[in-house]
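File shown: my_file.txt. Contents: compact mmCIF, C-alpha atoms.
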# COMPACT_ATOMS: atom_id res chain seq x y z
CA MET A 687 105.61 160.57 130.39
CA ASP A 688 104.17 164.08 130.35
CA HIS A 689 104.34 165.77 133.76
CA SER A 690 100.66 166.78 133.73
CA LEU A 691 99.58 163.22 132.89
CA GLN A 692 101.79 161.87 135.65
CA SER A 693 100.31 164.35 138.14
CA PHE A 694 96.82 163.40 137.02
CA LEU A 695 97.49 159.68 137.51
CA ILE A 696 99.00 160.26 140.96
CA GLY A 697 96.00 162.38 141.95
CA LEU A 698 93.63 159.74 140.62
CA THR A 699 95.47 157.05 142.58
CA PHE A 700 94.68 158.92 145.80
CA ALA A 701 91.24 160.30 144.88
CA LEU A 702 89.55 157.04 143.83
CA PRO A 703 90.01 155.19 147.15
CA VAL A 704 88.93 158.30 149.08
CA LEU A 705 85.79 158.67 146.95
CA ALA A 706 85.07 154.96 147.24
CA PHE A 707 85.37 155.13 151.05
CA TRP A 708 83.08 158.20 151.18
CA PHE A 709 80.47 156.54 148.97
CA TRP A 710 80.68 153.26 150.93
CA MET A 711 80.07 155.02 154.26
CA PHE A 712 77.31 157.23 152.80
CA GLN A 713 75.57 154.21 151.31
CA ASP A 714 75.84 152.31 154.60
CA MET A 715 74.38 155.28 156.49
CA ALA A 716 71.49 155.59 154.03
CA LYS A 717 70.61 151.89 154.33
CA ASN A 718 71.11 151.69 158.11
CA ASP A 719 67.63 151.13 159.57
CA ARG A 720 68.92 151.55 163.14
CA ILE A 721 69.48 155.28 162.59
CA PRO A 722 66.33 157.40 163.12
CA SER A 723 65.20 159.62 160.25
CA ASN A 724 66.18 162.91 161.91
CA GLU A 725 69.66 161.53 162.64
CA LYS A 726 70.01 160.44 159.01
CA ASP A 727 69.23 164.02 157.99
CA THR A 728 72.04 165.24 160.24
CA TRP A 729 74.45 162.62 158.91
CA THR A 730 73.53 163.53 155.33
CA LEU A 731 74.33 167.19 155.98
CA MET A 732 77.58 166.18 157.65
CA PHE A 733 78.52 164.02 154.64
CA ILE A 734 77.78 166.91 152.29
CA PHE A 735 79.56 169.66 154.20
CA LEU A 736 82.33 167.77 156.00
CA SER A 737 82.90 165.14 153.29
CA LEU A 738 85.75 162.78 154.18
CA LEU A 739 85.82 163.90 157.82
CA ALA A 740 82.17 162.88 158.22
CA ALA A 741 82.86 159.54 156.54
CA GLY A 742 85.68 158.92 159.00
CA ILE A 743 83.53 159.94 161.98
CA TYR A 744 80.70 157.71 160.77
CA TYR A 745 83.10 154.78 160.34
CA ALA A 746 84.62 155.25 163.81
CA ASN A 747 81.34 155.80 165.68
CA VAL A 748 78.68 153.79 163.84
CA TYR A 749 79.97 151.37 161.21
CA ARG A 750 82.74 149.79 163.29
CA PHE A 751 80.45 148.92 166.18
CA ARG A 752 77.69 147.54 163.98
CA HIS A 753 79.99 145.23 162.00
CA ARG A 754 81.93 143.46 164.72

Before we go any further, please render this structure as structure tokens.
Amino acid sequence: MDHSLQSFLIGLTFALPVLAFWFWMFQDMAKNDRIPSNEKDTWTLMFIFLSLLAAGIYYANVYRFRHR
């Protein structure tokens, strides 16, 4: 197998779950009616600028406690 193809497949193996997690948390935040509009604006900016870190923070501080 070509080294560049192998590197691409390894990268894809890690990138797809990360992107799926980010999208899942962003979608949950957008549909969460318990979060006020101004807070959603802040979360949106965090998701844009902090990316995976914001998704992890959202999961740990909002999603986990709502879905117990």

Open item on the list: From the options A:Ala701, A:Phe707, A:Phe712, A:Leu691, which residue's atoms come nearest to A:Ile734, counting all atoms listed in the file?
Closed with: A:Phe712

Set the distance at 10 Å and use all atoms listed in the file: which residues neighbour A:Phe733 once local chain neighbours fewer than 5 positions away are removed? I'd like the list as a CSV table (one decimal) with C-alpha atoms, keeping the file's coordinate frame.
chain,number,residue,atom,x,y,z
A,708,TRP,CA,83.1,158.2,151.2
A,709,PHE,CA,80.5,156.5,149.0
A,711,MET,CA,80.1,155.0,154.3
A,712,PHE,CA,77.3,157.2,152.8
A,715,MET,CA,74.4,155.3,156.5
A,727,ASP,CA,69.2,164.0,158.0
A,728,THR,CA,72.0,165.2,160.2
A,738,LEU,CA,85.8,162.8,154.2
A,739,LEU,CA,85.8,163.9,157.8
A,740,ALA,CA,82.2,162.9,158.2
A,741,ALA,CA,82.9,159.5,156.5
A,742,GLY,CA,85.7,158.9,159.0
A,743,ILE,CA,83.5,159.9,162.0
A,744,TYR,CA,80.7,157.7,160.8

Open item on the list: Report, in Å to a single decimal, how far apart atom CA of A:Phe700 and atom CA of A:Asn747 are.
Closed with: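 Atom CA of A:Phe700 lies 24.1 Å from atom CA of A:Asn747.
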
Task: Separation of atom CA of A:Leu695 from atom CA of A:Trp710 in Å - done: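 The value is 22.4 Å.
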
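You will find atom CA of A:Glu725 at 14.5 Å from atom CA of A:Tyr749.
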
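Nearest to A:Gln713 of all the residues A:Gly697, A:Gln692, A:Lys726, A:His753 is A:Lys726, counting only C-alpha atoms.
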
Task: Among the residues A:Trp729, A:His689, A:Leu736, A:Phe694, the one that comes closest to A:Asp714 [using all atoms listed in the file] - done: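 For A:Asp714, the nearest of the given residues is A:Trp729.
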
To test the calculation: enclose all listed atoms of stretch 742-751 of chain A in a box whose edges run along x, y and z, add 4 Å on each side, then state centre and edge lengths in Å to one decimal, as JSON.
{"center_x": 82.2, "center_y": 154.4, "center_z": 162.6, "size_x": 15.0, "size_y": 19.0, "size_z": 15.2}
